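This is upload19.cif (mmCIF, C-alpha atoms).
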data_work
loop_
_atom_site.group_PDB
_atom_site.id
_atom_site.type_symbol
_atom_site.label_atom_id
_atom_site.label_comp_id
_atom_site.auth_asym_id
_atom_site.auth_seq_id
_atom_site.Cartn_x
_atom_site.Cartn_y
_atom_site.Cartn_z
ATOM 1 C CA SER A 135 0.000 0.000 0.000
ATOM 2 C CA PRO A 136 1.129 3.642 -0.398
ATOM 3 C CA ASP A 137 1.411 3.956 3.388
ATOM 4 C CA ALA A 138 3.953 1.146 3.459
ATOM 5 C CA LEU A 139 6.162 2.693 0.776
ATOM 6 C CA PRO A 140 8.406 4.802 3.094
ATOM 7 C CA PHE A 141 9.156 1.737 5.197
ATOM 8 C CA LEU A 142 9.847 -0.350 2.112
ATOM 9 C CA LEU A 143 12.215 2.270 0.688
ATOM 10 C CA SER A 144 14.103 2.411 3.981
ATOM 11 C CA ARG A 145 14.886 -1.292 3.570
ATOM 12 C CA LEU A 146 16.274 -1.072 0.031
ATOM 13 C CA PHE A 147 20.058 -0.774 -0.240
ATOM 14 C CA THR A 148 21.160 -2.425 -3.484
ATOM 15 C CA VAL A 149 20.060 -2.553 -7.108
ATOM 16 C CA ASP A 150 18.886 -6.134 -6.522
ATOM 17 C CA ASP A 151 16.750 -4.920 -3.605
ATOM 18 C CA PHE A 152 15.033 -2.389 -5.844
ATOM 19 C CA GLU A 153 14.491 -4.960 -8.584
ATOM 20 C CA ARG A 154 12.840 -7.388 -6.177
ATOM 21 C CA ALA A 155 10.634 -4.599 -4.803
ATOM 22 C CA ALA A 156 9.662 -3.540 -8.318
ATOM 23 C CA LYS A 157 8.502 -7.059 -9.083
ATOM 24 C CA LEU A 158 6.197 -6.876 -6.073
ATOM 25 C CA ILE A 159 4.847 -3.405 -6.806
ATOM 26 C CA LEU A 160 4.554 -3.078 -10.597
ATOM 27 C CA PRO A 161 1.888 -4.756 -12.726
ATOM 28 C CA PRO A 162 3.365 -7.977 -14.186
ATOM 29 C CA SER A 163 3.119 -6.678 -17.760
ATOM 30 C CA VAL A 164 5.085 -3.537 -16.869
ATOM 31 C CA TYR A 165 7.722 -5.446 -14.908
ATOM 32 C CA ASP A 166 8.159 -7.930 -17.753
ATOM 33 C CA TYR A 167 8.438 -5.084 -20.291
ATOM 34 C CA ALA A 168 11.195 -3.418 -18.273
ATOM 35 C CA SER A 169 13.136 -6.519 -17.294
ATOM 36 C CA SER A 170 12.949 -8.799 -20.321
ATOM 37 C CA GLY A 171 15.261 -9.161 -23.285
ATOM 38 C CA ALA A 172 14.850 -10.196 -26.878
ATOM 39 C CA ASP A 173 14.499 -13.945 -27.160
ATOM 40 C CA PRO A 174 16.314 -16.196 -26.470
ATOM 41 C CA SER A 175 17.628 -13.696 -23.863
ATOM 42 C CA HIS A 176 21.270 -14.806 -24.151
ATOM 43 C CA THR A 177 22.363 -11.188 -24.524
ATOM 44 C CA LEU A 178 20.444 -10.020 -21.465
ATOM 45 C CA LEU A 179 22.027 -12.752 -19.328
ATOM 46 C CA GLU A 180 25.510 -12.146 -20.730
ATOM 47 C CA ASN A 181 25.234 -8.403 -20.062
ATOM 48 C CA THR A 182 24.728 -9.074 -16.358
ATOM 49 C CA SER A 183 27.159 -11.961 -16.083
ATOM 50 C CA LEU A 184 30.084 -10.298 -17.839
ATOM 51 C CA PHE A 185 29.586 -6.924 -16.169
ATOM 52 C CA SER A 186 29.569 -8.655 -12.773
ATOM 53 C CA SER A 187 32.927 -10.245 -13.582
ATOM 54 C CA LEU A 188 34.645 -6.897 -14.100
ATOM 55 C CA ALA A 189 36.833 -5.722 -11.242
ATOM 56 C CA ILE A 190 38.151 -2.375 -10.035
ATOM 57 C CA VAL A 191 41.856 -2.493 -9.190
ATOM 58 C CA PRO A 192 42.527 -0.086 -6.327
ATOM 59 C CA ARG A 193 45.570 2.164 -5.999
ATOM 60 C CA VAL A 194 46.934 2.583 -2.473
ATOM 61 C CA HIS A 195 49.797 5.086 -2.622
ATOM 62 C CA ALA A 196 47.536 8.119 -2.640
ATOM 63 C CA SER A 197 45.542 10.130 -0.116
ATOM 64 C CA SER A 198 41.920 9.099 0.316
ATOM 65 C CA ASN A 199 40.958 12.002 2.561
ATOM 66 C CA THR A 200 39.367 13.975 -0.255
ATOM 67 C CA PRO A 201 38.407 11.622 -3.073
ATOM 68 C CA CYS A 202 37.386 13.413 -6.239
ATOM 69 C CA PRO A 203 35.287 11.513 -8.786
ATOM 70 C CA LYS A 204 34.844 14.532 -11.056
ATOM 71 C CA THR A 205 35.479 14.096 -14.743
ATOM 72 C CA SER A 206 35.176 16.111 -17.907
ATOM 73 C CA LEU A 207 34.095 15.294 -21.440
ATOM 74 C CA PRO A 208 35.732 18.048 -23.514
ATOM 75 C CA SER A 209 34.022 17.178 -26.806
ATOM 76 C CA LEU A 210 30.579 17.210 -25.176
ATOM 77 C CA THR A 211 30.772 19.841 -22.452
ATOM 78 C CA PRO A 212 29.977 23.424 -23.519
ATOM 79 C CA PRO A 213 32.462 26.157 -22.614
ATOM 80 C CA GLY A 214 31.976 27.373 -19.065
ATOM 81 C CA ALA A 215 30.070 24.308 -17.882
ATOM 82 C CA PRO A 216 31.401 22.661 -14.713
ATOM 83 C CA PRO A 217 32.888 19.156 -14.816
ATOM 84 C CA LEU A 218 30.635 16.171 -14.220
ATOM 85 C CA ALA A 219 30.583 15.721 -10.459
ATOM 86 C CA PHE A 220 30.043 11.962 -10.587
ATOM 87 C CA PRO A 221 31.124 9.784 -13.553
ATOM 88 C CA LEU A 222 27.720 8.281 -14.226
ATOM 89 C CA LEU A 223 25.025 8.937 -16.815
ATOM 90 C CA ILE A 224 21.364 7.999 -16.594
ATOM 91 C CA SER A 225 21.061 6.471 -20.023
ATOM 92 C CA PRO A 226 18.026 7.383 -22.110
ATOM 93 C CA PHE A 227 15.104 5.024 -21.876
ATOM 94 C CA GLY A 228 11.475 5.696 -22.620
ATOM 95 C CA VAL A 229 8.208 5.821 -20.718
ATOM 96 C CA HIS A 230 9.456 6.420 -17.153
ATOM 97 C CA LYS A 231 5.891 6.922 -15.945
ATOM 98 C CA LEU A 232 5.231 3.252 -16.504
ATOM 99 C CA ALA A 233 7.316 2.697 -13.375
ATOM 100 C CA HIS A 234 6.596 5.798 -11.278
ATOM 101 C CA PRO A 235 4.252 8.805 -11.530
ATOM 102 C CA ASP A 236 7.168 11.240 -11.180
ATOM 103 C CA GLY A 237 8.416 9.993 -14.541
ATOM 104 C CA GLU A 238 11.263 11.728 -16.331
ATOM 105 C CA PRO A 239 11.227 14.857 -14.117
ATOM 106 C CA GLY A 240 11.952 12.670 -11.100
ATOM 107 C CA SER A 241 14.826 10.984 -12.924
ATOM 108 C CA ALA A 242 16.337 14.328 -13.968
ATOM 109 C CA LEU A 243 16.156 15.711 -10.439
ATOM 110 C CA ALA A 244 17.713 12.523 -9.043
ATOM 111 C CA ALA A 245 20.623 12.784 -11.500
ATOM 112 C CA ALA A 246 21.195 16.408 -10.555
ATOM 113 C CA ALA A 247 21.087 15.574 -6.839
ATOM 114 C CA VAL A 248 24.068 13.198 -7.111
ATOM 115 C CA GLY A 249 25.933 15.122 -9.810
ATOM 116 C CA ALA A 250 25.378 12.550 -12.561
ATOM 117 C CA GLY A 251 24.533 13.229 -16.191
ATOM 118 C CA PHE A 252 21.085 12.702 -17.649
ATOM 119 C CA ALA A 253 19.810 11.765 -21.085
ATOM 120 C CA LEU A 254 16.140 12.176 -21.980
ATOM 121 C CA SER A 255 14.487 9.814 -24.435
ATOM 122 C CA GLN A 256 12.520 11.036 -27.420
ATOM 123 C CA HIS A 257 9.904 8.538 -26.231
ATOM 124 C CA SER A 258 9.467 10.065 -22.794
ATOM 125 C CA THR A 259 6.082 10.250 -21.119
ATOM 126 C CA THR A 260 6.745 13.894 -20.183
ATOM 127 C CA ARG A 261 7.178 16.697 -22.691
ATOM 128 C CA ILE A 262 10.705 18.029 -23.123
ATOM 129 C CA GLU A 263 9.706 21.428 -21.804
ATOM 130 C CA GLU A 264 8.248 19.951 -18.608
ATOM 131 C CA VAL A 265 11.390 18.071 -17.558
ATOM 132 C CA PRO A 266 13.414 20.341 -15.251
ATOM 133 C CA LEU A 267 17.098 20.853 -15.952
ATOM 134 C CA PRO A 268 18.514 22.206 -12.682
ATOM 135 C CA GLU A 269 21.895 23.864 -12.387
ATOM 136 C CA GLY A 270 23.572 20.560 -11.597
ATOM 137 C CA LEU A 271 22.723 19.303 -15.086
ATOM 138 C CA ARG A 272 24.047 22.359 -16.935
ATOM 139 C CA GLY A 273 26.199 21.042 -19.758
ATOM 140 C CA HIS A 274 25.469 17.419 -18.816
ATOM 141 C CA ALA A 275 21.981 16.896 -20.227
ATOM 142 C CA TRP A 276 21.766 15.053 -23.525
ATOM 143 C CA PHE A 277 18.771 14.260 -25.710
ATOM 144 C CA GLN A 278 18.235 10.880 -27.336
ATOM 145 C CA SER A 279 16.883 10.984 -30.891
ATOM 146 C CA TYR A 280 15.355 8.397 -33.151
ATOM 147 C CA ILE A 281 15.617 9.571 -36.733
ATOM 148 C CA LEU A 282 12.257 8.775 -38.279
ATOM 149 C CA LYS A 283 11.284 8.404 -41.904
ATOM 150 C CA ASP A 284 9.618 11.779 -41.520
ATOM 151 C CA ARG A 285 12.774 13.789 -40.838
ATOM 152 C CA GLU A 286 10.847 16.964 -40.046
ATOM 153 C CA VAL A 287 9.167 15.305 -37.082
ATOM 154 C CA SER A 288 12.547 14.253 -35.656
ATOM 155 C CA LEU A 289 14.074 17.665 -36.351
ATOM 156 C CA ARG A 290 11.279 19.555 -34.626
ATOM 157 C CA ILE A 291 11.617 17.416 -31.517
ATOM 158 C CA ALA A 292 15.431 17.652 -31.403
ATOM 159 C CA ARG A 293 15.359 21.418 -31.882
ATOM 160 C CA ARG A 294 12.912 21.738 -28.999
ATOM 161 C CA ALA A 295 15.395 19.811 -26.862
ATOM 162 C CA LYS A 296 18.210 22.146 -27.868
ATOM 163 C CA ALA A 297 16.056 25.175 -27.038
ATOM 164 C CA HIS A 298 15.322 23.693 -23.593
ATOM 165 C CA GLY A 299 19.014 23.343 -22.752
ATOM 166 C CA TYR A 300 20.143 19.921 -23.948
ATOM 167 C CA THR A 301 23.680 20.173 -25.269
ATOM 168 C CA ALA A 302 24.250 16.931 -27.203
ATOM 169 C CA LEU A 303 22.304 14.376 -29.208
ATOM 170 C CA VAL A 304 22.392 10.669 -28.442
ATOM 171 C CA ILE A 305 21.310 9.047 -31.699
ATOM 172 C CA THR A 306 20.176 5.460 -31.262
ATOM 173 C CA VAL A 307 21.276 3.298 -34.172
ATOM 174 C CA ASP A 308 20.567 -0.252 -32.980
ATOM 175 C CA SER A 309 16.795 -0.230 -33.425
ATOM 176 C CA PRO A 310 15.874 -0.296 -37.111
ATOM 177 C CA VAL A 311 13.233 -2.801 -35.997
ATOM 178 C CA PHE A 312 12.274 -3.858 -32.493
ATOM 179 C CA GLY A 313 13.318 -7.230 -31.121
ATOM 180 C CA PHE A 314 10.754 -9.898 -30.247
ATOM 181 C CA ARG A 315 10.152 -10.226 -26.517
ATOM 182 C CA ALA A 316 8.035 -13.217 -25.573
ATOM 183 C CA GLY A 317 6.926 -11.669 -22.288
ATOM 184 C CA ASP A 318 5.315 -8.743 -24.074
ATOM 185 C CA ALA A 319 3.601 -11.111 -26.481
ATOM 186 C CA ARG A 320 2.245 -13.280 -23.669
ATOM 187 C CA ASN A 321 1.041 -10.220 -21.759
ATOM 188 C CA ARG A 322 -0.326 -8.613 -24.948
ATOM 189 C CA PHE A 323 1.548 -5.494 -23.931
ATOM 190 C CA ALA A 324 1.097 -3.477 -27.093
ATOM 191 C CA ALA A 325 -0.086 -0.076 -25.860
ATOM 192 C CA LEU A 326 0.629 2.375 -23.071
ATOM 193 C CA PRO A 327 -1.875 2.364 -20.205
ATOM 194 C CA ASP A 328 -4.646 4.944 -20.244
ATOM 195 C CA GLY A 329 -3.355 8.387 -19.351
ATOM 196 C CA LEU A 330 0.176 7.876 -20.679
ATOM 197 C CA THR A 331 1.406 9.016 -24.096
ATOM 198 C CA TYR A 332 4.619 9.448 -26.017
ATOM 199 C CA ALA A 333 4.466 13.064 -24.973
ATOM 200 C CA ASN A 334 6.961 14.645 -27.374
ATOM 201 C CA TYR A 335 4.915 14.002 -30.496
ATOM 202 C CA ASP A 336 2.794 17.096 -31.102
ATOM 203 C CA ARG A 337 -0.586 17.032 -32.756
ATOM 204 C CA ASP A 338 0.967 18.235 -35.998
ATOM 205 C CA ALA A 339 3.153 15.121 -35.993
ATOM 206 C CA ILE A 340 0.311 12.663 -35.637
ATOM 207 C CA ASP A 341 0.825 11.382 -39.186
ATOM 208 C CA ALA A 342 4.085 9.846 -38.012
ATOM 209 C CA PHE A 343 2.087 7.418 -35.907
ATOM 210 C CA GLY A 344 -1.192 7.173 -37.733
ATOM 211 C CA ASP A 345 -3.600 5.511 -35.311
ATOM 212 C CA ARG A 346 -2.003 6.181 -31.932
ATOM 213 C CA SER A 347 -4.383 3.865 -30.102
ATOM 214 C CA GLY A 348 -1.852 1.074 -30.661
ATOM 215 C CA GLY A 349 1.537 0.703 -29.045
ATOM 216 C CA LEU A 350 4.748 2.067 -30.481
ATOM 217 C CA ASP A 351 5.960 -1.414 -31.394
ATOM 218 C CA ASP A 352 2.902 -1.799 -33.647
ATOM 219 C CA GLN A 353 3.956 1.260 -35.603
ATOM 220 C CA ILE A 354 7.703 0.813 -35.594
ATOM 221 C CA SER A 355 8.192 -0.630 -39.057
ATOM 222 C CA ARG A 356 6.337 2.338 -40.514
ATOM 223 C CA ILE A 357 7.822 5.276 -38.607
ATOM 224 C CA PHE A 358 11.468 4.191 -38.114
ATOM 225 C CA ASP A 359 13.904 4.427 -41.001
ATOM 226 C CA ALA A 360 15.672 1.083 -41.365
ATOM 227 C CA SER A 361 17.706 2.463 -44.298
ATOM 228 C CA LEU A 362 19.517 5.030 -42.123
ATOM 229 C CA ARG A 363 23.162 5.642 -43.083
ATOM 230 C CA ILE A 364 25.943 7.570 -41.378
ATOM 231 C CA SER A 365 25.543 10.421 -43.874
ATOM 232 C CA ASP A 366 21.896 10.788 -42.784
ATOM 233 C CA ILE A 367 22.991 10.984 -39.160
ATOM 234 C CA THR A 368 25.644 13.644 -39.723
ATOM 235 C CA ALA A 369 23.217 15.712 -41.800
ATOM 236 C CA PHE A 370 20.597 15.433 -39.051
ATOM 237 C CA ALA A 371 23.001 16.489 -36.289
ATOM 238 C CA ALA A 372 24.233 19.415 -38.402
ATOM 239 C CA ALA A 373 20.666 20.568 -38.993
ATOM 240 C CA VAL A 374 20.020 20.522 -35.231
ATOM 241 C CA GLY A 375 23.355 22.163 -34.452
ATOM 242 C CA LEU A 376 24.542 19.915 -31.616
ATOM 243 C CA PRO A 377 27.405 17.438 -31.182
ATOM 244 C CA PHE A 378 26.271 13.849 -31.374
ATOM 245 C CA LEU A 379 27.020 10.421 -29.968
ATOM 246 C CA LEU A 380 25.969 7.126 -31.504
ATOM 247 C CA LYS A 381 24.290 4.717 -29.110
ATOM 248 C CA GLY A 382 24.185 0.971 -29.638
ATOM 249 C CA LEU A 383 27.524 0.104 -31.225
ATOM 250 C CA LEU A 384 29.328 -3.208 -30.720
ATOM 251 C CA HIS A 385 31.595 -3.692 -33.760
ATOM 252 C CA PRO A 386 34.970 -1.887 -33.959
ATOM 253 C CA ALA A 387 34.336 -0.984 -37.600
ATOM 254 C CA ASP A 388 31.171 0.886 -36.619
ATOM 255 C CA VAL A 389 33.087 2.817 -33.969
ATOM 256 C CA LEU A 390 35.683 3.825 -36.558
ATOM 257 C CA THR A 391 32.939 4.908 -38.942
ATOM 258 C CA ALA A 392 31.424 7.063 -36.196
ATOM 259 C CA ALA A 393 34.780 8.666 -35.411
ATOM 260 C CA ARG A 394 35.499 9.440 -39.049
ATOM 261 C CA ALA A 395 32.044 10.982 -39.390
ATOM 262 C CA GLY A 396 32.731 13.416 -36.559
ATOM 263 C CA ALA A 397 30.842 11.791 -33.685
ATOM 264 C CA ALA A 398 31.757 13.304 -30.339
ATOM 265 C CA GLY A 399 31.501 9.884 -28.723
ATOM 266 C CA VAL A 400 29.898 6.469 -28.812
ATOM 267 C CA ILE A 401 27.875 4.462 -26.324
ATOM 268 C CA LEU A 402 28.724 0.782 -26.552
ATOM 269 C CA GLY A 403 25.679 -1.375 -26.004
ATOM 270 C CA ASN A 404 23.017 -3.716 -27.261
ATOM 271 C CA HIS A 405 19.866 -1.879 -26.122
ATOM 272 C CA GLY A 406 19.893 -3.750 -22.838
ATOM 273 C CA GLY A 407 19.675 -7.036 -24.691
ATOM 274 C CA ARG A 408 16.258 -6.024 -25.987
ATOM 275 C CA GLN A 409 16.996 -5.989 -29.714
ATOM 276 C CA LEU A 410 19.001 -9.064 -30.723
ATOM 277 C CA GLY A 411 18.910 -11.938 -28.271
ATOM 278 C CA SER A 412 22.224 -13.423 -29.395
ATOM 279 C CA ALA A 413 24.387 -10.301 -29.619
ATOM 280 C CA PRO A 414 27.554 -10.091 -27.510
ATOM 281 C CA ALA A 415 27.481 -8.457 -24.118
ATOM 282 C CA ALA A 416 28.160 -4.737 -24.117
ATOM 283 C CA ALA A 417 31.207 -5.125 -21.854
ATOM 284 C CA ALA A 418 32.713 -7.596 -24.336
ATOM 285 C CA ALA A 419 32.953 -4.802 -26.904
ATOM 286 C CA ILE A 420 35.464 -2.930 -24.761
#
Output the structure of this file as structure tokens.
Amino acid sequence: SPDALPFLLSRLFTVDDFERAAKLILPPSVYDYASSGADPSHTLLENTSLFSSLAIVPRVHASSNTPCPKTSLPSLTPPGAPPLAFPLLISPFGVHKLAHPDGEPGSALAAAAVGAGFALSQHSTTRIEEVPLPEGLRGHAWFQSYILKDREVSLRIARRAKAHGYTALVITVDSPVFGFRAGDARNRFAALPDGLTYANYDRDAIDAFGDRSGGLDDQISRIFDASLRISDITAFAAAVGLPFLLKGLLHPADVLTAARAGAAGVILGNHGGRQLGSAPAAAAAI
């Protein structure tokens, strides 16, 4: 019950604790949507297994009285912006309000509170202009873009993000089509619950979705551009006027292509194992 939530939160200390609590609290279809991977789920399992095997080698001949985790990203941080206080980024993912009514604004404020970076998804359940960007996020707020077949729709959304204070584009390139997730099929999870929308698509962009009564996955083959090339991406970023990163790379040749095209960075990954169930783990790409 809502009254029990403060007590429950006081007993959660690790990521695993929060995941177990989420399974108890969220509707099964929402939990399965958030936690599942593309079948046969090898990639999802490998992501966790390999990441857990990584180790941090400590250095001992240095003072630990005033540890400083600050870092800077020169190619992505605007002049005059402070360094990133904590070397962590909340990666862009959609529909936060599926999990909590605070949605994307709550996530942005949480990132700012600990000095982490924040990336907002184009498929957020809160409009760009309604997600606060406090001082702690100045220069460390990025906007994730899907480049649709209707380029003007994507451009309008990305330019709104730039006007609101986002300083880089994270262009997702690993989702020309969506992966099959058996849990979603079993739960018939094909549409957002009543009251939630993909909030960044204005009424004048409704043709990009057609009948919006269905879920995004139902529309994906029609609105996403599976023929996207690196030249399309560079032209898009230039039209918006922001530096860009490519998200979802695993192959060294793709990283080299991104670098030669002028990308300010790349995000290695496999969409959380949600796209191709037999892709290598993200950590293996390092």
Surrounding residues of segment 295-306 of chain A excluding itself and chain neighbours under 4 positions, 7 Å, all atoms listed in the file, as a PyMOL selection string: chain A and resi 210+262-263+273+275-280+291+376-382
Please produce an output containing C-alpha atoms for each residue in the selection, written as a PDB file, keeping the file's coordinate frame.
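And here is the file that came out, result32.pdb:
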ATOM      1  CA  LEU A 210      30.579  17.210 -25.176  1.00  0.00           C
ATOM      2  CA  ILE A 262      10.705  18.029 -23.123  1.00  0.00           C
ATOM      3  CA  GLU A 263       9.706  21.428 -21.804  1.00  0.00           C
ATOM      4  CA  GLY A 273      26.199  21.042 -19.758  1.00  0.00           C
ATOM      5  CA  ALA A 275      21.981  16.896 -20.227  1.00  0.00           C
ATOM      6  CA  TRP A 276      21.766  15.053 -23.525  1.00  0.00           C
ATOM      7  CA  PHE A 277      18.771  14.260 -25.710  1.00  0.00           C
ATOM      8  CA  GLN A 278      18.235  10.880 -27.336  1.00  0.00           C
ATOM      9  CA  SER A 279      16.883  10.984 -30.891  1.00  0.00           C
ATOM     10  CA  TYR A 280      15.355   8.397 -33.151  1.00  0.00           C
ATOM     11  CA  ILE A 291      11.617  17.416 -31.517  1.00  0.00           C
ATOM     12  CA  LEU A 376      24.542  19.915 -31.616  1.00  0.00           C
ATOM     13  CA  PRO A 377      27.405  17.438 -31.182  1.00  0.00           C
ATOM     14  CA  PHE A 378      26.271  13.849 -31.374  1.00  0.00           C
ATOM     15  CA  LEU A 379      27.020  10.421 -29.968  1.00  0.00           C
ATOM     16  CA  LEU A 380      25.969   7.126 -31.504  1.00  0.00           C
ATOM     17  CA  LYS A 381      24.290   4.717 -29.110  1.00  0.00           C
ATOM     18  CA  GLY A 382      24.185   0.971 -29.638  1.00  0.00           C
TER      19      GLY A 382
END
If you count all atoms listed in the file, which residues fall within 8 Å of segment 237-250 of chain A, apart from same-chain ones fewer than 3 positions away, as a PDB file with C-alpha atoms, in the coordinates of the input?
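Saved as around10.pdb:
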ATOM      1  CA  LEU A 218      30.635  16.171 -14.220  1.00  0.00           C
ATOM      2  CA  ALA A 219      30.583  15.721 -10.459  1.00  0.00           C
ATOM      3  CA  PHE A 220      30.043  11.962 -10.587  1.00  0.00           C
ATOM      4  CA  PRO A 221      31.124   9.784 -13.553  1.00  0.00           C
ATOM      5  CA  LEU A 222      27.720   8.281 -14.226  1.00  0.00           C
ATOM      6  CA  LEU A 223      25.025   8.937 -16.815  1.00  0.00           C
ATOM      7  CA  ILE A 224      21.364   7.999 -16.594  1.00  0.00           C
ATOM      8  CA  VAL A 229       8.208   5.821 -20.718  1.00  0.00           C
ATOM      9  CA  HIS A 230       9.456   6.420 -17.153  1.00  0.00           C
ATOM     10  CA  LYS A 231       5.891   6.922 -15.945  1.00  0.00           C
ATOM     11  CA  LEU A 232       5.231   3.252 -16.504  1.00  0.00           C
ATOM     12  CA  ALA A 233       7.316   2.697 -13.375  1.00  0.00           C
ATOM     13  CA  HIS A 234       6.596   5.798 -11.278  1.00  0.00           C
ATOM     14  CA  LEU A 254      16.140  12.176 -21.980  1.00  0.00           C
ATOM     15  CA  SER A 258       9.467  10.065 -22.794  1.00  0.00           C
ATOM     16  CA  THR A 259       6.082  10.250 -21.119  1.00  0.00           C
ATOM     17  CA  THR A 260       6.745  13.894 -20.183  1.00  0.00           C
ATOM     18  CA  GLU A 264       8.248  19.951 -18.608  1.00  0.00           C
ATOM     19  CA  VAL A 265      11.390  18.071 -17.558  1.00  0.00           C
ATOM     20  CA  PRO A 266      13.414  20.341 -15.251  1.00  0.00           C
ATOM     21  CA  LEU A 267      17.098  20.853 -15.952  1.00  0.00           C
ATOM     22  CA  PRO A 268      18.514  22.206 -12.682  1.00  0.00           C
ATOM     23  CA  GLU A 269      21.895  23.864 -12.387  1.00  0.00           C
ATOM     24  CA  GLY A 270      23.572  20.560 -11.597  1.00  0.00           C
ATOM     25  CA  LEU A 271      22.723  19.303 -15.086  1.00  0.00           C
ATOM     26  CA  HIS A 274      25.469  17.419 -18.816  1.00  0.00           C
TER      27      HIS A 274
END
Would you mind reading off the distance between atom CA of Asp150 of chain A and atom CA of Ala138 of chain A, one decimal, in Å? 19.4 Å
To one decimal in Å, tell me the separation between atom CA of Phe152 of chain A and atom CA of Gly228 of chain A.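 Taking atom CA of Phe152 of chain A as the start and atom CA of Gly228 of chain A as the end point, the length is 19.0 Å.
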Two-atom distance - atom CA of Asp308 of chain A, atom CA of Leu362 of chain A (Å):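 Rounded to one decimal, the two atoms are 10.6 Å apart.
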Mind listing whatever residues come within 12 Å of the point (2.1, -4.0, -17.9)? Use all atoms listed in the file, file coordinates, and give them as a list in words. Lys157, Ile159, Leu160, Pro161, Pro162, Ser163, Val164, Tyr165, Asp166, Tyr167, Ala168, Ser169, Val229, Lys231, Leu232, Ala233, Gly317, Asp318, Ala319, Arg320, Asn321, Arg322, Phe323, Ala324, Ala325, Leu326, Pro327 and Asp328 of chain A
Would you put the residues from that selection into a file with C-alpha atoms, as a compact mmCIF listing (two decimals), keeping the file's coordinate frame?
# COMPACT_ATOMS: atom_id res chain seq x y z
CA LYS A 157 8.50 -7.06 -9.08
CA ILE A 159 4.85 -3.40 -6.81
CA LEU A 160 4.55 -3.08 -10.60
CA PRO A 161 1.89 -4.76 -12.73
CA PRO A 162 3.36 -7.98 -14.19
CA SER A 163 3.12 -6.68 -17.76
CA VAL A 164 5.08 -3.54 -16.87
CA TYR A 165 7.72 -5.45 -14.91
CA ASP A 166 8.16 -7.93 -17.75
CA TYR A 167 8.44 -5.08 -20.29
CA ALA A 168 11.20 -3.42 -18.27
CA SER A 169 13.14 -6.52 -17.29
CA VAL A 229 8.21 5.82 -20.72
CA LYS A 231 5.89 6.92 -15.94
CA LEU A 232 5.23 3.25 -16.50
CA ALA A 233 7.32 2.70 -13.38
CA GLY A 317 6.93 -11.67 -22.29
CA ASP A 318 5.32 -8.74 -24.07
CA ALA A 319 3.60 -11.11 -26.48
CA ARG A 320 2.24 -13.28 -23.67
CA ASN A 321 1.04 -10.22 -21.76
CA ARG A 322 -0.33 -8.61 -24.95
CA PHE A 323 1.55 -5.49 -23.93
CA ALA A 324 1.10 -3.48 -27.09
CA ALA A 325 -0.09 -0.08 -25.86
CA LEU A 326 0.63 2.38 -23.07
CA PRO A 327 -1.88 2.36 -20.20
CA ASP A 328 -4.65 4.94 -20.24
Distance criterion (only C-alpha atoms): nearest to Ser255 of chain A out of A:Pro235, A:Gly407, A:Pro216, A:Pro226: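 Distance minimum relative to Ser255 of chain A lands on A:Pro226.
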Where does the PyMOL selection byres ((chain A and resi 175) around 9) land in this file, that is, which residues does it pick, as a list of chain:residue names? A:Ser170, A:Gly171, A:Ala172, A:Asp173, A:Pro174, A:His176, A:Thr177, A:Leu178, A:Leu179, A:Glu180, A:Arg315, A:Gly407, A:Arg408, A:Leu410, A:Gly411, A:Ser412
As JSON, please report the centre and edge lengths, rounded to one decimal in Å, of the axis-aligned box that holds all listed atoms of segment 269-282 of chain A with 5 Å of padding on each of the six sides.
{"center_x": 19.2, "center_y": 16.1, "center_z": -24.9, "size_x": 23.9, "size_y": 25.5, "size_z": 36.7}
I'd like the residues picked by the PyMOL selection byres ((chain A and resi 185) around 12) written out as JSON, numbers by chain, using the chain letters and numbers from the file. {"A": [177, 178, 179, 180, 181, 182, 183, 184, 186, 187, 188, 189, 190, 403, 414, 415, 416, 417, 418, 419, 420]}
Selected residues written out with C-alpha atoms, as an mmCIF file, in the frame of the given file:
data_model
loop_
_atom_site.group_PDB
_atom_site.id
_atom_site.type_symbol
_atom_site.label_atom_id
_atom_site.label_comp_id
_atom_site.auth_asym_id
_atom_site.auth_seq_id
_atom_site.Cartn_x
_atom_site.Cartn_y
_atom_site.Cartn_z
ATOM 1 C CA THR A 177 22.363 -11.188 -24.524
ATOM 2 C CA LEU A 178 20.444 -10.020 -21.465
ATOM 3 C CA LEU A 179 22.027 -12.752 -19.328
ATOM 4 C CA GLU A 180 25.510 -12.146 -20.730
ATOM 5 C CA ASN A 181 25.234 -8.403 -20.062
ATOM 6 C CA THR A 182 24.728 -9.074 -16.358
ATOM 7 C CA SER A 183 27.159 -11.961 -16.083
ATOM 8 C CA LEU A 184 30.084 -10.298 -17.839
ATOM 9 C CA SER A 186 29.569 -8.655 -12.773
ATOM 10 C CA SER A 187 32.927 -10.245 -13.582
ATOM 11 C CA LEU A 188 34.645 -6.897 -14.100
ATOM 12 C CA ALA A 189 36.833 -5.722 -11.242
ATOM 13 C CA ILE A 190 38.151 -2.375 -10.035
ATOM 14 C CA GLY A 403 25.679 -1.375 -26.004
ATOM 15 C CA PRO A 414 27.554 -10.091 -27.510
ATOM 16 C CA ALA A 415 27.481 -8.457 -24.118
ATOM 17 C CA ALA A 416 28.160 -4.737 -24.117
ATOM 18 C CA ALA A 417 31.207 -5.125 -21.854
ATOM 19 C CA ALA A 418 32.713 -7.596 -24.336
ATOM 20 C CA ALA A 419 32.953 -4.802 -26.904
ATOM 21 C CA ILE A 420 35.464 -2.930 -24.761
#
